[in-house]
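Novice: Here you go, coords24.txt (compact mmCIF, C-alpha atoms and all ligand atoms):
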```txt
# COMPACT_ATOMS: atom_id res chain seq x y z
CA MET A 1 164.83 -4.97 102.71
CA THR A 2 161.86 -2.69 103.18
CA SER A 3 162.03 -1.42 106.71
CA ASN A 4 159.33 -2.04 109.27
CA ASN A 5 159.68 0.39 112.13
CA HIS A 6 156.82 -0.96 114.26
CA THR A 7 155.25 2.44 114.54
CA GLY A 8 152.23 1.73 112.48
CA THR A 9 153.85 2.91 109.27
CA ASN A 10 154.50 -0.56 107.89
CA ASN A 11 152.17 -0.80 104.93
CA ASN A 12 152.06 -4.53 104.48
CA ASN A 13 148.65 -5.12 105.98
CA ALA A 14 147.47 -1.55 106.23
CA VAL A 15 144.17 -0.44 104.86
CA ALA A 16 144.88 0.93 101.41
CA CYS A 17 145.16 4.67 101.47
CA THR A 18 143.51 5.59 98.21
CA LYS A 19 144.36 9.27 98.01
CA ALA A 20 147.83 10.61 98.67
CA ASN A 21 146.58 13.19 101.15
CA GLU A 22 144.12 10.90 102.97
CA GLU A 23 145.25 10.04 106.50
CA THR A 24 146.06 6.40 107.12
CA HIS A 25 144.02 4.24 109.44
CA ARG A 26 146.94 4.23 111.88
CA GLU A 27 147.28 7.98 111.87
CA PHE A 28 143.56 8.17 112.60
CA THR A 29 143.59 5.56 115.41
CA SER A 30 146.72 7.03 117.00
CA ARG A 31 144.63 10.04 118.12
CA LEU A 32 141.89 8.00 119.80
CA ASP A 33 141.43 7.09 123.45
CA PHE A 34 143.27 4.25 125.17
CA ALA A 35 140.47 1.66 125.06
CA THR A 36 139.85 2.36 121.37
CA ARG A 37 143.54 2.17 120.46
CA ALA A 38 143.83 -1.15 122.30
CA ILE A 39 141.23 -2.56 119.91
CA HIS A 40 142.03 -0.73 116.68
CA HIS A 41 145.57 0.60 116.57
CA ALA A 42 147.92 -1.25 114.20
CA GLN A 43 145.15 -3.81 113.72
CA GLU A 44 143.74 -2.82 110.37
CA PRO A 45 141.73 -5.54 108.64
CA ASP A 46 144.09 -7.78 106.68
CA SER A 47 144.70 -6.18 103.29
CA ALA A 48 144.91 -9.53 101.47
CA THR A 49 141.69 -11.10 102.75
CA GLY A 50 139.78 -8.54 104.79
CA ALA A 51 140.13 -10.70 107.93
CA LEU A 52 138.96 -8.49 110.80
CA SER A 53 141.04 -10.28 113.40
CA THR A 54 144.82 -9.96 112.88
CA PRO A 55 145.86 -13.28 111.29
CA ILE A 56 148.43 -15.57 112.88
CA TYR A 57 151.17 -15.52 110.24
CA GLN A 58 152.55 -18.95 111.10
CA THR A 59 155.51 -18.86 108.76
CA SER A 60 159.26 -18.74 109.24
CA THR A 61 160.08 -17.09 105.93
CA PHE A 62 158.58 -14.88 103.22
CA VAL A 63 159.00 -15.28 99.47
CA LEU A 64 160.89 -12.49 97.75
CA GLU A 65 159.41 -10.84 94.68
CA GLU A 66 162.91 -10.73 93.23
CA LEU A 67 166.42 -10.51 94.62
CA GLY A 68 166.58 -7.61 97.07
CA LYS A 69 162.82 -6.96 96.93
CA ASN A 70 160.34 -8.19 99.52
CA LYS A 71 156.88 -7.19 100.65
CA GLY A 72 158.08 -5.79 103.96
CA TYR A 73 158.88 -9.14 105.53
CA GLN A 74 161.78 -11.50 104.86
CA TYR A 75 162.50 -13.82 107.78
CA ALA A 76 160.30 -14.19 110.86
CA ARG A 77 163.07 -13.77 113.45
CA SER A 78 163.46 -10.22 112.14
CA HIS A 79 159.79 -9.39 111.52
CA ASN A 80 156.44 -11.10 111.43
CA PRO A 81 153.15 -9.31 110.61
CA THR A 82 151.32 -10.62 113.71
CA ARG A 83 154.22 -9.43 115.84
CA SER A 84 154.32 -6.07 114.04
CA ALA A 85 150.65 -5.50 114.83
CA LEU A 86 151.29 -6.28 118.51
CA GLU A 87 154.37 -4.05 118.62
CA GLY A 88 152.49 -1.17 117.01
CA CYS A 89 149.62 -1.48 119.46
CA LEU A 90 151.85 -1.80 122.55
CA ALA A 91 153.91 1.24 121.53
CA SER A 92 150.76 3.28 121.03
CA LEU A 93 149.37 2.34 124.47
CA GLU A 94 152.53 3.63 126.14
CA GLY A 95 152.47 6.78 123.98
CA ALA A 96 155.62 5.78 122.10
CA ARG A 97 156.68 5.27 118.50
CA PHE A 98 158.63 2.03 118.87
CA GLY A 99 157.78 -1.35 120.34
CA ILE A 100 159.68 -4.63 120.38
CA ALA A 101 157.94 -7.84 121.44
CA THR A 102 160.16 -10.39 123.17
CA ALA A 103 159.89 -14.03 124.18
CA SER A 104 159.39 -13.20 127.88
CA GLY A 105 159.60 -10.33 130.34
CA LEU A 106 163.10 -11.42 131.24
CA ALA A 107 164.06 -11.49 127.56
CA ALA A 108 162.89 -7.85 127.47
CA VAL A 109 165.16 -7.07 130.45
CA SER A 110 168.05 -8.78 128.62
CA VAL A 111 167.35 -6.68 125.54
CA VAL A 112 167.69 -3.52 127.66
CA GLY A 113 170.87 -5.04 129.18
CA SER A 114 172.32 -5.09 125.64
CA LEU A 115 172.60 -1.27 125.83
CA LEU A 116 175.42 -1.78 128.37
CA SER A 117 179.11 -2.38 127.72
CA ALA A 118 181.71 -4.00 129.98
CA GLY A 119 182.56 -1.68 132.86
CA ASP A 120 179.18 0.08 132.89
CA HIS A 121 177.29 0.55 136.13
CA VAL A 122 173.54 0.43 136.80
CA VAL A 123 171.54 1.95 139.68
CA VAL A 124 168.65 -0.40 140.51
CA GLY A 125 165.59 0.14 142.72
CA GLU A 126 166.16 -2.52 145.38
CA ASP A 127 162.97 -4.61 145.48
CA VAL A 128 162.87 -5.79 141.90
CA TYR A 129 161.34 -9.07 140.73
CA GLY A 130 163.59 -11.96 141.83
CA GLY A 131 164.26 -13.06 138.24
CA VAL A 132 165.53 -9.58 137.34
CA TYR A 133 167.87 -9.66 140.35
CA ARG A 134 169.09 -13.11 139.29
CA LEU A 135 169.74 -11.93 135.71
CA PHE A 136 171.72 -8.92 136.97
CA GLU A 137 173.65 -10.73 139.71
CA LYS A 138 174.24 -14.17 138.21
CA VAL A 139 174.50 -13.40 134.50
CA LEU A 140 175.22 -9.77 133.60
CA LYS A 141 177.79 -9.36 136.39
CA ARG A 142 179.91 -11.97 134.59
CA TYR A 143 180.24 -9.47 131.73
CA ASN A 144 181.90 -6.95 134.05
CA LEU A 145 178.74 -4.95 134.60
CA HIS A 146 178.11 -3.47 138.04
CA PHE A 147 174.85 -2.98 139.93
CA THR A 148 174.05 -0.88 143.00
CA TYR A 149 170.69 -1.50 144.67
CA VAL A 150 169.09 1.53 146.29
CA ASN A 151 165.92 2.41 148.13
CA ALA A 152 164.34 4.29 145.24
CA ARG A 153 161.87 6.00 147.59
CA GLU A 154 164.83 8.11 148.73
CA LEU A 155 165.89 10.39 145.88
CA SER A 156 169.16 11.23 147.63
CA GLU A 157 170.07 7.50 147.67
CA VAL A 158 169.41 7.24 143.94
CA GLU A 159 171.59 10.23 143.14
CA ALA A 160 174.34 9.28 145.59
CA ALA A 161 174.73 5.87 143.91
CA ILE A 162 175.55 7.42 140.53
CA ARG A 163 179.19 7.05 139.45
CA PRO A 164 181.09 8.30 136.40
CA GLU A 165 180.58 4.89 134.76
CA THR A 166 176.83 4.74 135.48
CA LYS A 167 174.85 4.28 132.29
CA LEU A 168 171.37 3.21 133.36
CA ILE A 169 168.77 3.66 136.10
CA TRP A 170 166.47 0.63 136.43
CA LEU A 171 163.20 0.90 138.31
CA GLU A 172 160.08 -1.04 139.05
CA THR A 173 157.14 1.01 140.30
CA PRO A 174 155.01 -0.23 141.96
CA THR A 175 157.50 -2.89 143.01
CA ASN A 176 157.02 -6.63 143.19
CA PRO A 177 155.98 -7.73 145.83
CA LEU A 178 156.01 -4.79 148.28
CA LEU A 179 154.14 -2.24 146.15
CA ASN A 180 156.65 0.52 146.88
CA LEU A 181 156.60 3.47 144.54
CA ALA A 182 159.39 5.50 143.02
CA ASP A 183 158.82 9.11 142.07
CA LEU A 184 158.93 8.76 138.29
CA LYS A 185 159.28 12.46 137.54
CA ALA A 186 161.93 13.24 140.16
CA ILE A 187 164.06 10.26 139.14
CA GLY A 188 163.58 11.24 135.49
CA GLU A 189 165.11 14.60 136.35
CA ILE A 190 168.07 12.90 138.07
CA ALA A 191 168.57 10.66 135.00
CA LYS A 192 168.49 13.68 132.71
CA ARG A 193 170.93 15.65 134.87
CA HIS A 194 173.43 12.81 134.74
CA ASN A 195 172.74 11.87 131.11
CA LEU A 196 171.63 8.33 132.00
CA ILE A 197 169.25 5.98 130.25
CA TYR A 198 166.13 5.68 132.39
CA ALA A 199 164.32 2.33 132.20
CA VAL A 200 161.07 1.48 134.00
CA ASP A 201 159.43 -1.91 134.38
CA ASN A 202 155.75 -0.98 134.09
CA THR A 203 154.38 -4.51 134.45
CA PHE A 204 152.39 -3.92 137.65
CA ALA A 205 150.64 -0.69 136.65
CA THR A 206 150.23 -1.32 132.90
CA PRO A 207 149.95 1.67 130.54
CA TYR A 208 146.28 1.87 131.48
CA PHE A 209 147.23 3.20 134.92
CA GLN A 210 150.70 4.66 134.39
CA ARG A 211 152.74 5.90 131.43
CA PRO A 212 156.37 6.43 132.53
CA LEU A 213 157.41 8.05 129.24
CA GLU A 214 155.32 11.06 130.28
CA PHE A 215 157.61 11.41 133.32
CA GLY A 216 160.90 11.23 131.44
CA ALA A 217 161.56 7.49 131.09
CA ASP A 218 163.50 6.46 127.98
CA VAL A 219 162.65 2.77 127.94
CA ILE A 220 159.73 0.76 129.28
CA VAL A 221 159.71 -2.94 129.88
CA HIS A 222 156.74 -5.23 130.42
CA SER A 223 156.22 -8.83 131.18
CA THR A 224 153.27 -9.26 128.80
CA THR A 225 152.79 -12.60 130.56
CA LYS A 226 150.85 -10.57 133.15
CA TYR A 227 148.06 -8.00 132.66
CA LEU A 228 148.70 -7.19 129.02
CA SER A 229 147.80 -10.70 127.87
CA GLY A 230 145.69 -11.16 131.00
CA HIS A 231 144.64 -14.81 130.86
CA SER A 232 147.68 -16.69 132.28
CA ASP A 233 148.19 -18.54 129.01
CA ILE A 234 151.40 -17.16 127.46
CA ILE A 235 154.92 -16.04 128.37
CA GLY A 236 155.97 -12.79 126.72
CA GLY A 237 157.54 -9.40 127.12
CA CYS A 238 158.15 -6.12 125.36
CA VAL A 239 160.44 -3.11 125.26
CA ILE A 240 158.98 0.27 124.34
CA THR A 241 160.79 3.50 123.57
CA ASP A 242 160.22 6.79 121.83
CA ARG A 243 163.94 7.28 121.18
CA GLU A 244 164.91 6.19 117.70
CA ASP A 245 168.62 5.83 118.62
CA LEU A 246 167.75 3.39 121.43
CA TYR A 247 165.20 1.57 119.31
CA GLU A 248 167.84 0.90 116.62
CA GLU A 249 170.18 -0.65 119.22
CA LEU A 250 167.45 -2.61 121.01
CA ASN A 251 166.01 -3.93 117.78
CA PHE A 252 169.44 -4.87 116.48
CA TYR A 253 170.08 -6.97 119.58
CA THR A 254 166.62 -8.60 119.50
CA ASN A 255 167.23 -9.79 115.96
CA ALA A 256 170.86 -10.73 116.66
CA ALA A 257 169.97 -12.73 119.79
CA GLY A 258 166.67 -14.01 118.42
CA CYS A 259 164.69 -13.68 121.66
CA VAL A 260 161.37 -13.17 119.85
CA PRO A 261 157.88 -14.55 120.51
CA GLY A 262 155.99 -16.77 118.08
CA PRO A 263 152.99 -15.44 116.14
CA PHE A 264 150.40 -17.39 118.10
CA ASP A 265 151.55 -15.85 121.39
CA CYS A 266 151.51 -12.41 119.73
CA TYR A 267 147.94 -13.07 118.64
CA LEU A 268 146.92 -14.01 122.19
CA ILE A 269 148.52 -10.87 123.64
CA LEU A 270 146.75 -8.73 121.01
CA ARG A 271 143.51 -10.41 121.95
CA GLY A 272 144.18 -9.72 125.63
CA LEU A 273 144.96 -6.06 124.97
CA LYS A 274 141.46 -5.54 123.60
CA THR A 275 139.99 -5.96 127.09
CA LEU A 276 142.87 -4.43 129.06
CA ALA A 277 140.96 -1.26 129.97
CA LEU A 278 137.92 -3.22 131.16
CA ARG A 279 139.97 -5.77 133.05
CA MET A 280 142.15 -3.22 134.83
CA LYS A 281 139.10 -1.40 136.18
CA GLU A 282 137.77 -4.66 137.61
CA HIS A 283 141.18 -5.77 138.96
CA GLN A 284 141.47 -2.47 140.77
CA ARG A 285 137.92 -2.51 142.10
CA ASN A 286 138.41 -5.97 143.57
CA ALA A 287 141.94 -5.23 144.81
CA LEU A 288 140.77 -2.18 146.72
CA ALA A 289 137.93 -4.17 148.30
CA VAL A 290 140.32 -7.00 149.25
CA ALA A 291 142.94 -4.59 150.63
CA THR A 292 140.30 -2.79 152.71
CA PHE A 293 139.00 -6.11 154.04
CA LEU A 294 142.50 -7.31 154.96
CA GLU A 295 143.40 -4.05 156.63
CA GLN A 296 140.68 -4.46 159.26
CA HIS A 297 141.28 -8.20 159.87
CA ASP A 298 142.74 -9.22 163.25
CA ALA A 299 145.05 -11.86 161.80
CA VAL A 300 146.72 -9.38 159.45
CA GLU A 301 149.72 -7.36 160.55
CA LYS A 302 150.20 -5.10 157.52
CA VAL A 303 148.70 -4.53 154.07
CA PHE A 304 150.54 -3.14 151.04
CA TYR A 305 148.38 -1.53 148.36
CA PRO A 306 149.00 1.95 146.88
CA GLY A 307 145.24 2.58 146.67
CA LEU A 308 144.88 2.54 150.47
CA ALA A 309 145.01 5.91 152.20
CA SER A 310 147.35 4.23 154.72
CA HIS A 311 149.96 3.47 152.02
CA PRO A 312 152.89 5.80 152.79
CA GLN A 313 153.06 6.86 149.14
CA HIS A 314 149.34 7.11 148.45
CA GLU A 315 149.65 10.79 147.45
CA LEU A 316 152.48 10.01 145.02
CA ALA A 317 150.39 7.15 143.61
CA LYS A 318 147.55 9.58 142.95
CA ARG A 319 149.96 11.98 141.24
CA GLN A 320 151.62 9.60 138.84
CA MET A 321 149.05 6.81 138.40
CA THR A 322 145.45 6.91 137.30
CA GLY A 323 144.69 3.70 139.21
CA PHE A 324 146.46 1.38 141.63
CA GLY A 325 146.47 -2.04 139.98
CA GLY A 326 145.40 -5.49 141.08
CA VAL A 327 148.21 -6.76 143.31
CA VAL A 328 147.82 -6.67 147.08
CA SER A 329 150.45 -7.97 149.49
CA PHE A 330 150.05 -8.51 153.22
CA VAL A 331 151.89 -9.83 156.23
CA VAL A 332 149.98 -12.32 158.33
CA LYS A 333 150.54 -12.48 162.08
CA GLY A 334 152.36 -15.59 163.24
CA GLY A 335 154.94 -15.78 160.42
CA PHE A 336 155.58 -18.69 158.08
CA GLU A 337 153.25 -21.27 159.69
CA ASN A 338 150.21 -19.05 159.36
CA ALA A 339 151.21 -17.88 155.90
CA LYS A 340 151.44 -21.55 154.86
CA SER A 341 148.03 -22.26 156.36
CA ILE A 342 146.46 -19.45 154.27
CA LEU A 343 148.33 -20.45 151.11
CA HIS A 344 146.96 -23.99 151.52
CA SER A 345 143.41 -22.97 152.46
CA THR A 346 142.18 -20.63 149.74
CA LYS A 347 139.88 -22.21 147.18
CA LEU A 348 139.56 -19.49 144.57
CA PHE A 349 143.03 -17.96 144.96
CA ALA A 350 145.23 -20.61 143.36
CA LEU A 351 148.67 -21.20 144.84
CA ALA A 352 150.83 -20.25 141.86
CA GLU A 353 153.54 -17.89 140.66
CA SER A 354 152.69 -15.03 138.30
CA LEU A 355 150.01 -12.36 138.36
CA GLY A 356 147.80 -10.24 136.16
CA GLY A 357 145.39 -12.89 134.91
CA VAL A 358 141.61 -12.89 135.19
CA ARG A 359 141.88 -15.72 137.73
CA SER A 360 143.07 -14.88 141.24
CA LEU A 361 146.41 -16.22 142.46
CA ILE A 362 148.16 -16.36 145.82
CA CYS A 363 151.88 -16.76 146.36
CA HIS A 364 154.62 -16.72 148.97
CA PRO A 365 157.29 -14.37 147.57
CA SER A 366 160.06 -15.49 149.92
CA THR A 367 160.02 -19.12 148.75
CA MET A 368 158.54 -18.63 145.28
CA THR A 369 158.91 -15.53 143.06
CA HIS A 370 161.72 -13.95 145.07
CA LYS A 371 163.62 -17.11 146.00
CA PRO A 372 166.63 -16.07 143.85
CA ILE A 373 167.22 -13.18 146.28
CA PRO A 374 169.37 -14.28 149.26
CA LYS A 375 167.40 -14.54 152.52
CA ASP A 376 169.32 -11.77 154.30
CA VAL A 377 168.71 -9.37 151.38
CA GLN A 378 165.03 -10.38 151.33
CA GLU A 379 164.66 -9.57 155.01
CA GLN A 380 166.50 -6.30 154.63
CA ILE A 381 164.01 -5.10 152.02
CA GLY A 382 160.95 -6.45 153.85
CA ILE A 383 160.22 -9.79 152.15
CA VAL A 384 159.50 -11.56 155.41
CA ASP A 385 158.24 -15.13 156.02
CA GLY A 386 154.70 -13.97 156.75
CA LEU A 387 154.40 -12.00 153.49
CA ILE A 388 151.74 -13.16 151.04
CA ARG A 389 151.14 -11.68 147.58
CA LEU A 390 147.70 -11.76 145.97
CA SER A 391 147.02 -11.24 142.31
CA VAL A 392 143.40 -10.21 142.60
CA GLY A 393 141.46 -11.41 139.58
CA ILE A 394 138.17 -10.28 138.11
CA GLU A 395 135.89 -12.84 139.73
CA GLU A 396 133.01 -11.45 141.82
CA GLY A 397 134.68 -9.45 144.61
CA ARG A 398 132.38 -10.85 147.33
CA ASP A 399 133.45 -14.41 146.49
CA LEU A 400 137.13 -13.47 146.70
CA ILE A 401 136.70 -11.83 150.09
CA ALA A 402 134.72 -14.83 151.38
CA ASP A 403 137.54 -17.10 150.22
CA LEU A 404 140.15 -15.06 152.10
CA GLU A 405 137.87 -14.82 155.12
CA GLN A 406 137.56 -18.58 155.50
CA ALA A 407 141.34 -19.03 154.99
CA LEU A 408 142.14 -16.33 157.55
CA ALA A 409 139.61 -17.78 160.01
CA ARG A 410 141.63 -20.99 160.14
CA THR A 411 144.69 -18.93 160.87
CA THR A 412 142.92 -17.00 163.59
CA GLN A 413 141.90 -20.34 165.12
CA SER A 414 145.47 -21.54 164.95
CA ILE A 415 146.67 -18.24 166.48
CA ASP A 416 144.06 -18.75 169.24
CA ARG A 417 145.15 -22.39 169.72
CA THR A 418 148.81 -21.32 169.94
CA GLU A 419 147.85 -18.73 172.54
CA GLU A 420 145.74 -21.34 174.38
CA ARG A 421 148.67 -23.79 174.41
CA GLN A 422 150.95 -21.04 175.69
CA LEU A 423 148.42 -20.21 178.39
CA VAL A 424 148.00 -23.86 179.42
CA GLY A 425 151.80 -24.28 179.35
CA SER A 426 152.25 -21.25 181.60
CA ARG A 427 149.62 -22.63 184.06
CA LYS A 428 151.40 -26.01 184.37
C1 LIG B 1 157.72 -6.96 137.53
C2 LIG B 1 158.17 -8.11 136.69
N1 LIG B 1 159.06 -7.90 135.69
C3 LIG B 1 159.51 -8.90 134.91
C4 LIG B 1 159.08 -10.20 135.11
C5 LIG B 1 159.60 -11.31 134.24
O1 LIG B 1 158.64 -11.66 133.30
P1 LIG B 1 158.53 -13.10 132.62
O2 LIG B 1 158.15 -14.07 133.68
O3 LIG B 1 157.50 -12.92 131.57
O4 LIG B 1 159.88 -13.41 132.05
C6 LIG B 1 158.16 -10.47 136.13
C7 LIG B 1 157.68 -11.84 136.38
O5 LIG B 1 157.01 -12.11 137.34
C8 LIG B 1 157.69 -9.39 136.93
O6 LIG B 1 156.81 -9.58 137.95
```
In structure tokens, write the structure found in this file.
Specialist:
Amino acid sequence: MTSNNHTGTNNNNAVACTKANEETHREFTSRLDFATRAIHHAQEPDSATGALSTPIYQTSTFVLEELGKNKGYQYARSHNPTRSALEGCLASLEGARFGIATASGLAAVSVVGSLLSAGDHVVVGEDVYGGVYRLFEKVLKRYNLHFTYVNARELSEVEAAIRPETKLIWLETPTNPLLNLADLKAIGEIAKRHNLIYAVDNTFATPYFQRPLEFGADVIVHSTTKYLSGHSDIIGGCVITDREDLYEELNFYTNAAGCVPGPFDCYLILRGLKTLALRMKEHQRNALAVATFLEQHDAVEKVFYPGLASHPQHELAKRQMTGFGGVVSFVVKGGFENAKSILHSTKLFALAESLGGVRSLICHPSTMTHKPIPKDVQEQIGIVDGLIRLSVGIEEGRDLIADLEQALARTTQSIDRTEERQLVGSRK
């Protein structure tokens, strides 16, 4: 079978290169800026019809020209042209040669898990997405794999957790939901010193704001469900690498396990990518305004957003990110009851899991996204009952702040009423 390496060198729907020495469209687009690559790279007009928009190749199989000879595609679990276009574009945005699209973000994590063999050990940054924790603890552990969770803000903890059988370092930065950062470069150096595979979940920052490969990461994972598709209408994921040896293994597993997305979802993610640069600027602008508003509100105990000067790792954020993203978390005074009151009172922020879409969402990590993590572990890492996570969308910022203001005002009243009751009680 003709190989398709997802790098933009698959010729099936490439613009015909008329002269042998003429650079291909993909070679040309690979040198352009981020926003241009998101729209053009690996998305040449369809060679068969001239269709400008990458077609949805809704087919399970491809007819062979003769035995042993195909046109670059044979069976859609292995390759599909819509998926190839997406994979080429995603790889380019992270500055890599190889991309693999998967059926979900967790499928992408599983694909990286396939690099491990029984007995291997993984060092994990402790506040990972609850579903990742569940996959590690409830599934991969059954295959005699071992995981140590560390505070990745402390480099000494990361290094101290490494054992002879350690194979992989797994990080999220910024983390979900506490927006902690890990020093990408310093941990990259640790990984290199110990000859470990270094994997980073870059879902929160997106390649628009952070490119971990530039700091030594070997593998990047995304839930494309989030910012990359951007409209809360698909579930997807991807694995990106610039290492050919890893790509071969990761791609082998993806085909063997069959955890691939359908062409329509790939089309929607490609469509989302075209506005990623624009959307991320707006997400960040609104998130910073929301975080600043929350920080000065009386009912709020603490705000987590790497773009705030008060964030303990703000300087690191400025060093390794070009922007701070659209997720803001905060702890409301008065614990669960007041958190519940806010979660039930917002009108624009919809009470729902997930993040990264144009429409704002609000969630309660402890009982929603991070429920798979046992309560005592949650509390240990700071996922307390009063913690609320906002996915700040790209609506008008003033409207979002007004929505939070009215929801917080109810809380303030209930805090006042509680205080009043306590006062009355103490007078009796
Ligand atoms: C940081 C992070 N990684 C991975 C995932 C899993 O992605 P998916 O829901 O697409 O499987 C999520 C989901 O919320 C996430 O927030």
Novice: Please compute the CA of Val221 (chain A)-CA of Glu244 (chain A) distance, one decimal, in Å.
Specialist: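 Computing it gives 16.1 Å between the two atoms.
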Novice: Quick one: of A:Val260, A:Ala107, A:Leu135, A:Val300, who's nearest to Ile342 (chain A), counting all atoms listed in the file?
Specialist: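 So, comparing all the options, the nearest one is A:Val300.
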Novice: What do you get as a ChimeraX atom specification if you pick all residues at most 7 Å from ligand LIG 1 (chain B), counting all atoms listed in the file?
Specialist: /A:104-107,128-129,131-132,172,175-176,201,203-204,222-225,235-237,354,369
Novice: Using all atoms listed in the file, determine which residues lie at most 6 Å from Thr241 (chain A), disregarding the query and same-chain residues fewer than 4 positions distant; provide the list as a list in words.
Specialist: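 Listing them by chain and then by number gives Ala96, Phe98, Asp218 and Val219 of chain A.
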Novice: Rounded to one decimal place, report the CA of Ser92 (chain A)-CA of Ala38 (chain A) distance in Å.
Specialist: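 CA of Ala38 (chain A) lies at a distance of 8.3 Å from CA of Ser92 (chain A).
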Novice: Which residues, written as a ChimeraX atom specification, have at least one atom at most 12 Å from Ala191 (chain A), with all atoms listed in the file counted and residues fewer than 4 positions away on the same chain left out?
Specialist: /A:122-123,155,158-159,161-162,166-171,184-187,195-200,215-218
Novice: Output as AutoDock Vina command-line options the centre and edge lengths (Å, one decimal) of the box along x, y and z of the file that holds every listed atom of region 267-270 of chain A after adding 8 Å on each side.
Specialist:
```
--center_x 147.6 --center_y -11.4 --center_z 121.1 --size_x 17.8 --size_y 21.3 --size_z 21.0
```
Novice: Quick one: distance from CA of Asp33 (chain A) to CA of Gly357 (chain A) in Å, one decimal?
Specialist: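 Taking CA of Asp33 (chain A) as the start and CA of Gly357 (chain A) as the end point, the length is 23.4 Å.
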Novice: Would you mind listing what lies within 9 Å of region 143-147 of chain A as a PDB file with C-alpha atoms, in the coordinates of the input, with all atoms listed in the file counted and same-chain residues fewer than 2 positions away left out?
Specialist:
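That gives us selection_35.pdb:
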```pdb
ATOM      1  CA  LEU A 116     175.420  -1.780 128.370  1.00  0.00           C
ATOM      2  CA  SER A 117     179.110  -2.380 127.720  1.00  0.00           C
ATOM      3  CA  ALA A 118     181.710  -4.000 129.980  1.00  0.00           C
ATOM      4  CA  GLY A 119     182.560  -1.680 132.860  1.00  0.00           C
ATOM      5  CA  ASP A 120     179.180   0.080 132.890  1.00  0.00           C
ATOM      6  CA  HIS A 121     177.290   0.550 136.130  1.00  0.00           C
ATOM      7  CA  VAL A 122     173.540   0.430 136.800  1.00  0.00           C
ATOM      8  CA  VAL A 123     171.540   1.950 139.680  1.00  0.00           C
ATOM      9  CA  VAL A 124     168.650  -0.400 140.510  1.00  0.00           C
ATOM     10  CA  PHE A 136     171.720  -8.920 136.970  1.00  0.00           C
ATOM     11  CA  GLU A 137     173.650 -10.730 139.710  1.00  0.00           C
ATOM     12  CA  VAL A 139     174.500 -13.400 134.500  1.00  0.00           C
ATOM     13  CA  LEU A 140     175.220  -9.770 133.600  1.00  0.00           C
ATOM     14  CA  LYS A 141     177.790  -9.360 136.390  1.00  0.00           C
ATOM     15  CA  TYR A 149     170.690  -1.500 144.670  1.00  0.00           C
ATOM     16  CA  THR A 166     176.830   4.740 135.480  1.00  0.00           C
TER      17      THR A 166
END
```
Novice: Which one of A:Lys226, A:Arg410, A:Arg271, A:Lys281 sits closest to Gly325 (chain A) if you count all atoms listed in the file?
Specialist: A:Lys281
Novice: From the list A:Leu355, A:Leu268, A:Leu288, A:Leu273, which residue is nearest Ile39 (chain A) when using only C-alpha atoms?
Specialist: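 Using only C-alpha atoms, Ile39 (chain A) sits closest to A:Leu273.
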Novice: Measuring atom to atom with only C-alpha atoms, identify which of A:Cys238, A:Ala287, A:Leu179, A:Leu308 is nearest to Leu250 (chain A).
Specialist: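 Among the listed residues, the smallest separation from Leu250 (chain A) belongs to A:Cys238.
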Novice: May I have the residues within 12 Å of Ala402 (chain A) as JSON, numbers by chain, using all atoms listed in the file and disregarding those fewer than 5 positions away in the same chain?
Specialist: {"A": [289, 290, 293, 294, 345, 346, 347, 348, 349, 395, 396, 397, 407, 408, 409]}
Novice: Please fill the gaps in region 394-403 of chain A so it has N, CA and C atoms, and write that as a PDB file, keeping the file's coordinate frame.
Specialist:
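This went into out_30.pdb:
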```pdb
ATOM      1  N   ILE A 394     139.418 -11.025 138.376  1.00  0.00           N
ATOM      2  CA  ILE A 394     138.170 -10.280 138.110  1.00  0.00           C
ATOM      3  C   ILE A 394     136.933 -11.136 138.364  1.00  0.00           C
ATOM      4  N   GLU A 395     137.072 -12.125 139.276  1.00  0.00           N
ATOM      5  CA  GLU A 395     135.890 -12.840 139.730  1.00  0.00           C
ATOM      6  C   GLU A 395     135.009 -11.864 140.531  1.00  0.00           C
ATOM      7  N   GLU A 396     133.863 -12.312 140.984  1.00  0.00           N
ATOM      8  CA  GLU A 396     133.010 -11.450 141.820  1.00  0.00           C
ATOM      9  C   GLU A 396     133.762 -11.146 143.136  1.00  0.00           C
ATOM     10  N   GLY A 397     133.897  -9.870 143.440  1.00  0.00           N
ATOM     11  CA  GLY A 397     134.680  -9.450 144.610  1.00  0.00           C
ATOM     12  C   GLY A 397     134.227 -10.109 145.912  1.00  0.00           C
ATOM     13  N   ARG A 398     132.907 -10.256 146.083  1.00  0.00           N
ATOM     14  CA  ARG A 398     132.380 -10.850 147.330  1.00  0.00           C
ATOM     15  C   ARG A 398     132.888 -12.278 147.515  1.00  0.00           C
ATOM     16  N   ASP A 399     132.965 -13.017 146.406  1.00  0.00           N
ATOM     17  CA  ASP A 399     133.450 -14.410 146.490  1.00  0.00           C
ATOM     18  C   ASP A 399     134.922 -14.444 146.895  1.00  0.00           C
ATOM     19  N   LEU A 400     135.690 -13.493 146.365  1.00  0.00           N
ATOM     20  CA  LEU A 400     137.130 -13.470 146.700  1.00  0.00           C
ATOM     21  C   LEU A 400     137.326 -13.157 148.175  1.00  0.00           C
ATOM     22  N   ILE A 401     136.556 -12.207 148.674  1.00  0.00           N
ATOM     23  CA  ILE A 401     136.700 -11.830 150.090  1.00  0.00           C
ATOM     24  C   ILE A 401     136.255 -12.992 150.986  1.00  0.00           C
ATOM     25  N   ALA A 402     135.175 -13.676 150.585  1.00  0.00           N
ATOM     26  CA  ALA A 402     134.720 -14.830 151.380  1.00  0.00           C
ATOM     27  C   ALA A 402     135.799 -15.909 151.410  1.00  0.00           C
ATOM     28  N   ASP A 403     136.476 -16.090 150.290  1.00  0.00           N
ATOM     29  CA  ASP A 403     137.540 -17.100 150.220  1.00  0.00           C
ATOM     30  C   ASP A 403     138.672 -16.750 151.194  1.00  0.00           C
TER      31      ASP A 403
END
```
